[in-house]
$ cat my_file.cif   # mmCIF, C-alpha atoms
data_entry
loop_
_atom_site.label_atom_id
_atom_site.label_comp_id
_atom_site.auth_asym_id
_atom_site.auth_seq_id
_atom_site.Cartn_x
_atom_site.Cartn_y
_atom_site.Cartn_z
CA MET O 14 136.75 -1.27 -19.41
CA GLN O 15 139.57 -2.94 -17.49
CA TYR O 16 142.40 -0.82 -16.09
CA GLY O 17 144.29 -3.44 -14.12
CA TYR O 18 144.31 -6.66 -12.15
CA PHE O 19 145.28 -8.17 -8.78
CA ASP O 20 148.61 -9.98 -8.54
CA ASP O 21 148.21 -11.82 -5.26
CA ASN O 22 151.51 -13.68 -5.55
CA ALA O 23 153.40 -10.38 -5.53
CA LYS O 24 150.74 -8.77 -3.31
CA GLU O 25 150.39 -5.93 -5.81
CA TYR O 26 147.61 -4.30 -7.77
CA VAL O 27 148.78 -3.75 -11.34
CA ILE O 28 147.37 -0.77 -13.25
CA THR O 29 147.94 -1.44 -16.94
CA ARG O 30 146.75 1.87 -18.36
CA PRO O 31 147.31 5.23 -16.67
CA ASP O 32 144.15 7.10 -17.72
CA THR O 33 142.07 5.74 -14.85
CA PRO O 34 138.66 7.34 -14.16
CA GLN O 35 139.97 8.62 -10.81
CA SER O 36 143.35 8.62 -9.13
CA TRP O 37 144.07 5.20 -7.67
CA SER O 38 146.16 5.75 -4.57
CA ASN O 39 148.49 3.86 -2.28
CA TYR O 40 149.68 4.57 1.25
CA LEU O 41 153.38 4.72 2.05
CA GLY O 42 155.16 5.04 5.38
CA SER O 43 153.87 5.00 8.93
CA THR O 44 151.98 7.12 11.42
CA GLN O 45 155.17 9.14 11.88
CA TYR O 46 156.07 9.75 8.24
CA GLY O 47 153.16 9.29 5.87
CA ALA O 48 152.73 9.63 2.14
CA VAL O 49 149.98 9.17 -0.41
CA ILE O 50 150.92 8.39 -4.02
CA THR O 51 148.67 7.79 -7.02
CA ASN O 52 149.18 5.70 -10.14
CA ASN O 53 150.49 8.85 -11.86
CA ALA O 54 152.83 9.82 -8.98
CA GLY O 55 150.50 12.49 -7.62
CA GLY O 56 150.00 12.93 -3.90
CA TYR O 57 151.36 14.52 -0.74
CA GLY O 58 153.46 13.83 2.35
CA PHE O 59 153.15 14.61 6.05
CA TYR O 60 154.97 14.26 9.34
CA LYS O 61 152.83 12.92 12.21
CA SER O 62 149.71 14.87 11.13
CA GLY O 63 148.13 15.21 7.71
CA ALA O 64 146.51 18.46 8.80
CA ARG O 65 149.27 20.12 10.82
CA GLY O 66 152.39 18.40 9.55
CA ARG O 67 151.98 18.40 5.78
CA PHE O 68 155.24 19.20 4.03
CA LEU O 69 154.33 18.19 0.46
CA ARG O 70 151.48 20.14 -1.06
CA LEU O 71 148.35 18.80 -2.74
CA ARG O 72 145.22 20.76 -3.57
CA PHE O 73 142.39 18.28 -3.28
CA ASN O 74 140.01 20.18 -5.56
CA ASN O 75 142.74 20.90 -8.07
CA VAL O 76 142.51 20.62 -11.83
CA PRO O 77 144.25 18.68 -13.38
CA LEU O 78 143.60 15.70 -11.19
CA ASP O 79 146.00 14.72 -8.38
CA GLN O 80 148.75 17.26 -9.06
CA PRO O 81 151.41 18.05 -7.92
CA GLY O 82 153.24 14.97 -6.73
CA ARG O 83 156.56 13.12 -6.79
CA TYR O 84 157.82 13.49 -10.34
CA PHE O 85 160.80 12.68 -12.49
CA TYR O 86 160.98 14.55 -15.79
CA LEU O 87 163.22 13.27 -18.58
CA ARG O 88 164.60 15.24 -21.52
CA ASP O 89 166.27 14.02 -24.69
CA ASN O 90 169.05 16.56 -25.09
CA GLU O 91 169.44 15.89 -28.81
CA SER O 92 165.82 16.44 -29.85
CA GLY O 93 164.70 18.65 -26.95
CA ASP O 94 161.69 16.38 -26.41
CA TYR O 95 160.69 15.76 -22.79
CA TRP O 96 158.28 13.60 -20.82
CA SER O 97 157.73 12.29 -17.28
CA ALA O 98 158.53 8.90 -15.77
CA SER O 99 154.85 8.67 -14.82
CA TRP O 100 152.27 9.44 -17.52
CA GLN O 101 151.30 12.65 -15.78
CA PRO O 102 152.11 15.49 -15.48
CA VAL O 103 153.45 15.81 -19.04
CA GLY O 104 150.78 13.49 -20.43
CA LYS O 105 152.26 12.26 -23.70
CA PRO O 106 149.78 10.61 -26.13
CA LEU O 107 149.10 7.04 -25.04
CA ALA O 108 149.64 5.84 -28.59
CA GLN O 109 153.31 6.68 -28.05
CA TYR O 110 153.68 6.33 -24.28
CA THR O 111 153.04 3.25 -22.14
CA SER O 112 152.87 3.08 -18.36
CA THR O 113 152.28 0.37 -15.78
CA CYS O 114 151.85 1.05 -12.07
CA ARG O 115 152.24 -1.61 -9.40
CA HIS O 116 150.78 -0.59 -6.04
CA GLY O 117 152.31 -2.89 -3.45
CA THR O 118 152.32 -3.14 0.32
CA ALA O 119 153.54 0.35 1.30
CA TYR O 120 155.52 0.81 -1.92
CA THR O 121 154.65 1.78 -5.49
CA THR O 122 156.53 1.11 -8.73
CA ILE O 123 155.74 2.96 -11.95
CA ALA O 124 157.26 1.75 -15.23
CA SER O 125 157.12 3.67 -18.51
CA HIS O 126 158.36 3.50 -22.09
CA TYR O 127 158.67 6.38 -24.53
CA GLU O 128 160.79 6.89 -27.64
CA GLY O 129 163.19 4.06 -26.86
CA ILE O 130 163.72 5.03 -23.21
CA ALA O 131 162.35 2.81 -20.43
CA THR O 132 162.06 3.94 -16.83
CA GLU O 133 161.16 2.26 -13.56
CA THR O 134 160.54 4.36 -10.46
CA THR O 135 159.98 2.87 -7.02
CA TYR O 136 158.74 4.95 -4.08
CA PHE O 137 158.77 3.82 -0.46
CA VAL O 138 159.48 4.84 3.14
CA PRO O 139 161.91 2.54 5.01
CA LEU O 140 160.62 0.94 8.18
CA GLY O 141 160.96 3.21 11.21
CA GLN O 142 162.47 6.11 9.26
CA ALA O 143 161.45 9.72 8.61
CA PHE O 144 162.51 9.85 4.97
CA GLU O 145 161.54 8.34 1.65
CA TYR O 146 163.30 6.84 -1.36
CA TRP O 147 162.60 7.57 -5.01
CA ARG O 148 164.61 5.03 -7.02
CA LEU O 149 164.79 5.68 -10.76
CA LYS O 150 166.18 3.28 -13.35
CA VAL O 151 166.62 4.62 -16.89
CA THR O 152 167.35 2.21 -19.75
CA ASN O 153 168.25 3.03 -23.34
CA GLU O 154 166.33 0.50 -25.44
CA SER O 155 167.09 2.24 -28.72
CA LYS O 156 169.96 1.41 -31.08
CA ARG O 157 171.88 4.66 -30.64
CA PRO O 158 173.55 6.50 -27.76
CA ARG O 159 171.23 8.84 -25.86
CA GLN O 160 171.87 12.01 -23.86
CA ILE O 161 169.16 12.17 -21.19
CA SER O 162 168.67 14.71 -18.41
CA THR O 163 166.50 13.90 -15.40
CA PHE O 164 164.80 16.43 -13.15
CA SER O 165 163.06 15.61 -9.87
CA PHE O 166 160.13 17.75 -8.77
CA CYS O 167 157.95 18.04 -5.70
CA GLU O 168 156.21 21.08 -4.27
CA PHE O 169 156.77 21.88 -0.61
CA THR O 170 154.23 23.65 1.54
CA ASN O 171 155.04 27.12 2.80
CA GLN O 172 153.49 26.26 6.16
CA TRP O 173 153.01 22.75 7.51
CA ASP O 174 149.58 23.74 8.81
CA THR O 175 147.44 22.89 5.78
CA PHE O 176 144.89 25.63 6.37
CA GLN O 177 147.53 28.31 6.76
CA ASP O 178 149.37 27.09 3.67
CA GLN O 179 146.22 27.40 1.58
CA VAL O 180 144.74 30.67 2.81
CA ASN O 181 147.58 32.73 4.29
CA LEU O 182 149.76 33.13 1.22
CA GLN O 183 150.67 36.75 1.86
CA TYR O 184 152.43 35.57 5.02
CA SER O 185 153.58 32.04 4.20
CA LEU O 186 155.44 33.07 1.04
CA PHE O 187 157.82 35.10 3.16
CA ILE O 188 158.68 32.47 5.77
CA VAL O 189 159.80 29.57 3.55
CA ARG O 190 163.39 29.30 2.36
CA GLY O 191 164.97 26.92 -0.11
CA GLU O 192 168.71 26.64 -0.66
CA LEU O 193 171.60 24.25 -1.39
CA THR O 194 174.01 23.24 1.36
CA ASP O 195 177.77 23.03 0.83
CA ASP O 196 177.52 19.27 0.31
CA SER O 197 174.74 19.49 -2.31
CA LEU O 198 171.66 18.75 -0.19
CA LEU O 199 168.55 20.79 -0.77
CA ARG O 200 167.48 22.49 2.45
CA ILE O 201 163.89 23.70 2.90
CA SER O 202 163.09 25.55 6.12
CA ILE O 203 160.21 27.58 7.50
CA HIS O 204 161.00 30.62 9.60
CA ASP O 205 158.09 32.03 11.55
CA ASN O 206 157.52 32.96 15.16
CA LEU O 207 156.66 29.36 16.03
CA THR O 208 159.76 27.72 14.55
CA PRO O 209 162.84 29.83 15.34
CA ASP O 210 166.13 29.00 13.65
CA ASP O 211 168.64 27.47 16.04
CA ASP O 212 172.17 26.12 15.94
CA ASP O 213 173.01 22.71 14.55
CA GLU O 214 173.05 20.97 17.93
CA THR O 215 169.47 22.01 18.64
CA LEU O 216 168.35 21.26 15.09
CA GLN O 217 169.55 17.69 15.40
CA SER O 218 166.59 16.92 17.65
CA ASP O 219 164.19 19.37 15.99
CA MET O 220 162.32 17.70 13.14
CA SER O 221 159.64 20.36 12.62
CA SER O 222 159.34 22.66 9.62
CA ARG O 223 162.54 21.48 7.96
CA THR O 224 162.93 19.21 4.95
CA TRP O 225 165.91 17.99 2.95
CA MET O 226 166.56 16.23 -0.34
CA ALA O 227 169.62 14.51 -1.81
CA LEU O 228 170.61 12.83 -5.09
CA VAL O 229 172.79 9.71 -5.26
CA GLY O 230 174.10 7.89 -8.33
CA ALA O 231 175.16 10.76 -10.60
CA PRO O 232 176.84 14.16 -10.26
CA LEU O 233 174.47 17.00 -9.47
CA ALA O 234 174.09 19.03 -12.69
CA GLY O 235 171.81 21.71 -11.26
CA TYR O 236 169.03 22.42 -8.80
CA ASP O 237 166.03 24.63 -8.16
CA THR O 238 164.17 25.38 -4.95
CA SER O 239 161.82 28.03 -6.40
CA ARG O 240 158.68 26.66 -8.02
CA GLU O 241 158.29 29.86 -10.02
CA ALA O 242 161.81 29.54 -11.44
CA PHE O 243 161.29 25.87 -12.30
CA LEU O 244 157.87 26.17 -13.95
CA GLY O 245 158.26 29.61 -15.48
CA PRO O 246 155.52 32.25 -15.85
CA TYR O 247 152.11 31.18 -17.18
CA ARG O 248 153.13 27.53 -17.25
CA SER O 249 152.14 24.42 -15.34
CA TYR O 250 153.47 21.03 -14.29
CA HIS O 251 153.07 19.64 -17.81
CA ASN O 252 155.47 22.12 -19.46
CA PRO O 253 158.05 23.44 -16.95
CA LEU O 254 160.44 25.98 -18.42
CA VAL O 255 163.54 24.45 -16.82
CA VAL O 256 162.86 21.06 -18.42
CA GLU O 257 162.05 22.63 -21.77
CA GLN O 258 165.32 24.57 -21.74
CA GLY O 259 167.28 21.63 -20.35
CA GLN O 260 169.06 23.31 -17.44
CA CYS O 261 168.18 24.22 -13.87
CA THR O 262 168.60 27.83 -12.76
CA ASN O 263 170.05 27.06 -9.30
CA SER O 264 167.31 29.18 -7.74
CA HIS O 265 166.82 29.82 -4.03
CA ALA O 266 163.26 30.17 -2.76
CA TYR O 267 163.08 33.47 -0.91
CA GLY O 268 159.58 34.88 -1.25
CA ASP O 269 158.54 32.11 -3.66
CA ASN O 270 156.80 28.78 -3.34
CA ALA O 271 159.40 26.10 -2.65
CA CYS O 272 160.09 23.02 -4.74
CA GLY O 273 162.60 20.18 -4.82
CA THR O 274 164.41 19.84 -8.15
CA LEU O 275 167.72 18.03 -8.62
CA GLN O 276 169.13 17.55 -12.12
CA ALA O 277 171.33 14.73 -13.43
CA ASN O 278 172.75 14.33 -16.94
CA LEU O 279 173.10 10.78 -18.27
CA THR O 280 174.86 9.33 -21.30
CA LEU O 281 173.49 5.89 -22.16
CA GLN O 282 174.79 3.51 -24.79
CA PRO O 283 172.32 1.12 -26.50
CA GLY O 284 171.07 -1.34 -23.90
CA GLU O 285 172.73 0.53 -21.03
CA SER O 286 170.95 1.44 -17.79
CA ALA O 287 171.62 3.99 -15.07
CA GLU O 288 170.09 4.11 -11.60
CA LEU O 289 169.54 7.21 -9.51
CA LEU O 290 168.44 7.45 -5.92
CA LEU O 291 166.68 10.43 -4.42
CA LEU O 292 166.24 10.68 -0.66
CA MET O 293 163.85 13.19 0.91
CA GLY O 294 163.14 13.49 4.60
CA ILE O 295 162.29 15.53 7.65
CA GLY O 296 164.86 17.39 9.71
CA GLU O 297 167.72 19.82 9.34
CA ALA O 298 169.65 19.12 6.13
CA ARG O 299 173.00 20.03 7.68
CA VAL O 300 172.56 17.45 10.43
CA VAL O 301 169.76 14.91 9.93
CA GLY O 302 170.06 14.96 6.14
CA ARG O 303 173.81 14.41 6.18
CA GLN O 304 173.55 11.58 8.70
CA THR O 305 170.77 9.86 6.76
CA VAL O 306 172.57 10.06 3.41
CA ALA O 307 175.76 8.72 5.00
CA GLU O 308 173.91 5.67 6.35
CA PHE O 309 171.20 5.04 3.75
CA GLY O 310 172.46 6.77 0.61
CA SER O 311 173.33 3.85 -1.66
CA LEU O 312 171.40 1.71 -4.13
CA GLU O 313 172.42 -1.41 -2.22
CA ARG O 314 171.03 -0.08 1.06
CA ALA O 315 167.82 1.03 -0.65
CA GLU O 316 167.26 -2.50 -1.96
CA VAL O 317 167.87 -3.96 1.51
CA GLU O 318 165.33 -1.56 3.01
CA LEU O 319 162.76 -2.37 0.31
CA GLN O 320 163.05 -6.10 0.96
CA LYS O 321 162.70 -5.51 4.72
CA LEU O 322 159.55 -3.47 4.07
CA LYS O 323 158.02 -6.18 1.89
CA ALA O 324 158.90 -8.92 4.37
CA ASN O 325 157.32 -6.99 7.23
CA TRP O 326 154.03 -6.46 5.43
CA HIS O 327 153.87 -9.90 3.85
CA ALA O 328 154.38 -11.51 7.25
CA GLN O 329 151.39 -9.61 8.61
CA LEU O 330 149.21 -10.47 5.63
CA GLY O 331 150.28 -14.13 5.54
CA SER O 332 148.68 -15.05 8.85
CA LEU O 333 145.35 -15.77 7.14
CA VAL O 334 144.88 -17.46 3.76
CA VAL O 335 141.43 -18.26 2.38
CA GLU O 336 140.58 -20.14 -0.82
CA THR O 337 137.01 -19.90 -2.11
CA PRO O 338 135.38 -20.32 -5.53
CA ASP O 339 135.09 -16.51 -5.70
CA GLU O 340 138.39 -15.05 -6.92
CA GLU O 341 137.41 -11.49 -6.02
CA LEU O 342 136.63 -12.56 -2.46
CA ASN O 343 140.03 -14.24 -2.25
CA HIS O 344 141.73 -11.00 -3.34
CA THR O 345 139.87 -9.06 -0.66
CA ILE O 346 140.39 -11.44 2.25
CA ASN O 347 143.94 -12.57 1.58
CA VAL O 348 145.60 -9.27 0.72
CA TRP O 349 143.71 -6.10 0.03
CA GLY O 350 141.05 -6.09 2.70
CA LEU O 351 143.62 -6.81 5.40
CA TYR O 352 146.11 -4.30 4.01
CA ASN O 353 143.52 -1.54 3.80
CA CYS O 354 142.20 -2.26 7.29
CA LEU O 355 145.68 -2.12 8.81
CA ILE O 356 146.65 1.08 6.99
CA THR O 357 143.42 2.97 7.47
CA PHE O 358 143.19 1.99 11.14
CA ALA O 359 146.71 3.29 11.75
CA TRP O 360 145.94 6.53 9.90
CA SER O 361 142.48 6.98 11.49
CA ARG O 362 140.75 6.88 8.12
#
$ encode --input "my_file.cif" --output "structure tokens"
Amino acid sequence: MQYGYFDDNAKEYVITRPDTPQSWSNYLGSTQYGAVITNNAGGYGFYKSGARGRFLRLRFNNVPLDQPGRYFYLRDNESGDYWSASWQPVGKPLAQYTSTCRHGTAYTTIASHYEGIATETTYFVPLGQAFEYWRLKVTNESKRPRQISTFSFCEFTNQWDTFQDQVNLQYSLFIVRGELTDDSLLRISIHDNLTPDDDDETLQSDMSSRTWMALVGAPLAGYDTSREAFLGPYRSYHNPLVVEQGQCTNSHAYGDNACGTLQANLTLQPGESAELLLLMGIGEARVVGRQTVAEFGSLERAEVELQKLKANWHAQLGSLVVETPDEELNHTINVWGLYNCLITFAWSR
């Protein structure tokens, strides 16, 4: 059974059906700010060390496969129906839902179509930066106006040390804090005896144990930083209570697991599109986050950074071109073998 194909002209692997036998992953970022993302937007993120700097959580032996991750949920506010911009975690029937993933050179784009709504989400880390973009385009392909709410979701670790985050819950739950700043940035911070809270001047150079998130392109309609408030009791990533009810609770994570949820409400006429930009990075929200959003927080700048990223990687891969009678060998030598060698060498894989 075929799940995809190589597109060497675009230097992308195209996954044409989302129910792959295993998660098919891509690497984003650099040795400073790294991310892993699968064809269903699962995966994690880390700063400098995957073991001692992990800020986005993933349980490697988890069921369902490759969850949590970097998600956008969508809700039709007329019918109450909801789904995700990647097939998982909601997992709508594939007879009704289509999804295509394009894993490129340090970026991934996931396109979907469900009930007359098309989405395209692109994830990448700009060159030399300690933050990532999630760019979401929502298009109304139906013949009537649509009221659509979008909800981002990622799950932050309570402790950047992976072992402590997994086994020391009775402690780590009480040191993580999630809140909203005055200028509508999510601020996630860890307060233990190794990472004391300092004033803004000190925090400007302190990138450890602090994460921020911002939404650009639409007014903020709500937020949640508590995973428990977002999901609800006895629920999971496939049926979060906030999405089902259609409104965030504006929760602060104090004594809960932290998450990153920003809500936007869209009104789309037939054929109309809207684009949202989510930025998430390392550092103090009140300093680093504000500075980053001021410089990089526009759709135009995001596109410039994406093209710079592609040009950088394509230049490295274009130094050797081989043509043989074996198409699979050409794929390996010209793009994917080189790309994997460069990435895995840098990440000590």
$ closest_residue --input "my_file.cif" --among "O:Thr194, O:Thr118, O:Gln15, O:Asn153" --to "Lys323 in chain O" --atoms "all atoms listed in the file"
O:Thr118
$ residues_near_point --input "my_file.cif" --point "(160.2, 29.6, -5.5)" --cutoff "6 Å" --atoms "all atoms listed in the file" --output "ChimeraX atom specification"
/O:238-241,266,269-271
$ atom_distance --input "my_file.cif" --atom1 "CA of Arg115 in chain O" --atom2 "CA of Asp20 in chain O"
9.2 Å
$ closest_residue --input "my_file.cif" --among "O:Ala315, O:Phe68, O:Val151, O:Ala298" --to "Asp195 in chain O" --atoms "only C-alpha atoms"
O:Ala298
$ closest_residue --input "my_file.cif" --among "O:Gln260, O:Ser286, O:Ser185, O:Thr224" --to "Gly93 in chain O" --atoms "all atoms listed in the file"
O:Gln260
$ residues_around --input "my_file.cif" --residues "range 336-344 of chain O" --least-positions-apart "2" --cutoff "9 Å" --atoms "all atoms listed in the file" --output "ChimeraX atom specification"
/O:19-21,334,346-350
$ closest_atom_pairs --input "my_file.cif" --of "range 101-219 of chain O" --to "range 276-284 of chain O" --cutoff "7 Å" --atoms "only C-alpha atoms" --output "CSV"
residue,atom,partner,partner_atom,distance
O:Thr152,CA,O:Gly284,CA,6.6
O:Asn153,CA,O:Gly284,CA,5.2
O:Glu154,CA,O:Gly284,CA,5.3
O:Ser155,CA,O:Pro283,CA,5.8
O:Lys156,CA,O:Pro283,CA,5.2
O:Arg157,CA,O:Pro283,CA,5.5
O:Pro158,CA,O:Gln282,CA,4.4
O:Arg159,CA,O:Leu281,CA,5.2
O:Gln160,CA,O:Thr280,CA,4.8
O:Ile161,CA,O:Leu279,CA,5.1
O:Ser162,CA,O:Asn278,CA,4.4
O:Thr163,CA,O:Ala277,CA,5.3
O:Phe164,CA,O:Gln276,CA,4.6
O:Ser165,CA,O:Gln276,CA,6.8
$ resolve_selection --input "my_file.cif" --expression "the PyMOL selection byres ((chain O and resi 306-311) around 12)" --output "ChimeraX atom specification"
/O:138-139,142-148,196-198,225-231,288-294,298-305,312-319
$ residues_around --input "my_file.cif" --residues "Tyr84 in chain O" --least-positions-apart "4" --cutoff "7 Å" --atoms "all atoms listed in the file" --output "PyMOL selection string"
chain O and resi 54+165-167
$ write_last_selection --input "my_file.cif" --atoms "C-alpha atoms" --output "PDB file, keeping the file's coordinate frame"
ATOM      1  CA  ALA O  54     152.830   9.820  -8.980  1.00  0.00           C
ATOM      2  CA  SER O 165     163.060  15.610  -9.870  1.00  0.00           C
ATOM      3  CA  PHE O 166     160.130  17.750  -8.770  1.00  0.00           C
ATOM      4  CA  CYS O 167     157.950  18.040  -5.700  1.00  0.00           C
TER       5      CYS O 167
END
$ closest_residue --input "my_file.cif" --among "O:Asp89, O:Leu41, O:Trp96, O:Pro102" --to "Ser249 in chain O" --atoms "only C-alpha atoms"
O:Pro102
$ closest_residue --input "my_file.cif" --among "O:Ala234, O:Leu333, O:Ile203, O:Leu322" --to "Glu297 in chain O" --atoms "only C-alpha atoms"
O:Ile203
$ atom_distance --input "my_file.cif" --atom1 "CA of Asp178 in chain O" --atom2 "CA of Ala359 in chain O"
25.3 Å
$ resolve_selection --input "my_file.cif" --expression "the PyMOL selection byres ((chain O and resi 24-29) around 8)" --output "JSON, numbers by chain"
{"O": [16, 17, 18, 19, 20, 21, 22, 23, 30, 31, 52, 112, 113, 114, 115, 116, 117, 118, 327, 348]}
$ atom_distance --input "my_file.cif" --atom1 "CA of Phe73 in chain O" --atom2 "CA of Tyr57 in chain O"
10.1 Å
$ closest_residue --input "my_file.cif" --among "O:Asp32, O:Arg223, O:Leu140, O:Thr51" --to "Trp326 in chain O" --atoms "only C-alpha atoms"
O:Leu140
$ resolve_selection --input "my_file.cif" --expression "the PyMOL selection byres ((chain O and resi 361) around 12)" --output "PyMOL selection string"
chain O and resi 43-44+61-63+353-360+362
$ residues_around --input "my_file.cif" --residues "Thr175 in chain O" --least-positions-apart "4" --cutoff "9 Å" --atoms "all atoms listed in the file" --output "JSON, numbers by chain"
{"O": [63, 64, 65, 66, 67, 68, 70, 170, 179, 180]}
$ residues_around --input "my_file.cif" --residues "Thr134 in chain O" --least-positions-apart "4" --cutoff "9 Å" --atoms "all atoms listed in the file" --output "ChimeraX atom specification"
/O:85,98-99,121-125,147-151
$ decode --input "my_file.cif" --residues "range 57-135 of chain O" --atoms "C-alpha atoms" --output "compact mmCIF listing (two decimals), in the first residue's frame"
# COMPACT_ATOMS: atom_id res chain seq x y z
CA TYR O 57 7.95 17.68 20.86
CA GLY O 58 10.32 20.63 21.17
CA PHE O 59 13.54 21.32 23.05
CA TYR O 60 16.07 24.04 23.73
CA LYS O 61 19.72 22.95 23.32
CA SER O 62 19.12 19.47 24.82
CA GLY O 63 16.39 16.96 24.09
CA ALA O 64 16.93 15.40 27.51
CA ARG O 65 17.45 18.44 29.72
CA GLY O 66 15.85 21.22 27.72
CA ARG O 67 12.55 19.75 26.56
CA PHE O 68 9.74 22.28 26.82
CA LEU O 69 7.07 20.49 24.76
CA ARG O 70 5.99 17.14 26.12
CA LEU O 71 5.80 13.81 24.30
CA ARG O 72 5.43 10.39 25.89
CA PHE O 73 7.27 8.03 23.60
CA ASN O 74 5.37 4.92 24.68
CA ASN O 75 2.05 6.74 24.63
CA VAL O 76 -1.21 5.46 23.20
CA PRO O 77 -2.59 6.87 20.90
CA LEU O 78 0.47 7.18 18.72
CA ASP O 79 2.58 10.37 18.67
CA GLN O 80 0.39 12.54 20.91
CA PRO O 81 0.38 15.32 22.03
CA GLY O 82 1.81 17.72 19.47
CA ARG O 83 1.28 21.05 17.72
CA TYR O 84 -2.43 21.19 17.00
CA PHE O 85 -5.05 23.50 15.59
CA TYR O 86 -8.64 22.54 16.36
CA LEU O 87 -11.49 24.00 14.30
CA ARG O 88 -15.14 24.28 15.29
CA ASP O 89 -18.17 25.09 13.16
CA ASN O 90 -20.11 27.37 15.48
CA GLU O 91 -23.42 26.74 13.71
CA SER O 92 -23.42 22.94 13.89
CA GLY O 93 -21.09 22.48 16.87
CA ASP O 94 -19.02 19.99 14.85
CA TYR O 95 -15.26 20.14 15.37
CA TRP O 96 -12.11 18.63 13.89
CA SER O 97 -8.35 19.24 13.72
CA ALA O 98 -6.24 20.78 10.96
CA SER O 99 -4.20 17.57 11.01
CA TRP O 100 -6.09 14.25 10.89
CA GLN O 101 -5.15 13.51 14.48
CA PRO O 102 -5.94 14.08 17.28
CA VAL O 103 -9.68 14.31 16.50
CA GLY O 104 -9.45 11.60 13.85
CA LYS O 105 -12.52 12.20 11.68
CA PRO O 106 -13.50 9.30 9.35
CA LEU O 107 -11.26 9.33 6.28
CA ALA O 108 -14.30 8.94 4.05
CA GLN O 109 -15.17 12.51 5.04
CA TYR O 110 -11.76 13.98 5.88
CA THR O 111 -8.73 14.29 3.59
CA SER O 112 -5.19 15.22 4.59
CA THR O 113 -1.89 15.68 2.80
CA CYS O 114 1.42 16.25 4.58
CA ARG O 115 4.50 17.66 2.86
CA HIS O 116 7.69 17.12 4.86
CA GLY O 117 10.24 19.56 3.47
CA THR O 118 13.74 20.67 4.39
CA ALA O 119 13.24 21.76 8.02
CA TYR O 120 9.58 22.68 7.49
CA THR O 121 6.33 20.73 7.31
CA THR O 122 3.01 21.67 5.69
CA ILE O 123 -0.21 19.80 6.46
CA ALA O 124 -3.30 20.44 4.32
CA SER O 125 -6.79 19.18 5.14
CA HIS O 126 -10.36 19.35 3.89
CA TYR O 127 -13.51 18.65 5.89
CA GLU O 128 -17.12 19.74 5.43
CA GLY O 129 -16.32 22.53 3.00
CA ILE O 130 -13.45 23.98 5.04
CA ALA O 131 -9.87 23.70 3.78
CA THR O 132 -6.84 24.33 5.95
CA GLU O 133 -3.11 24.58 5.35
CA THR O 134 -0.72 24.67 8.29
CA THR O 135 3.01 25.27 7.92
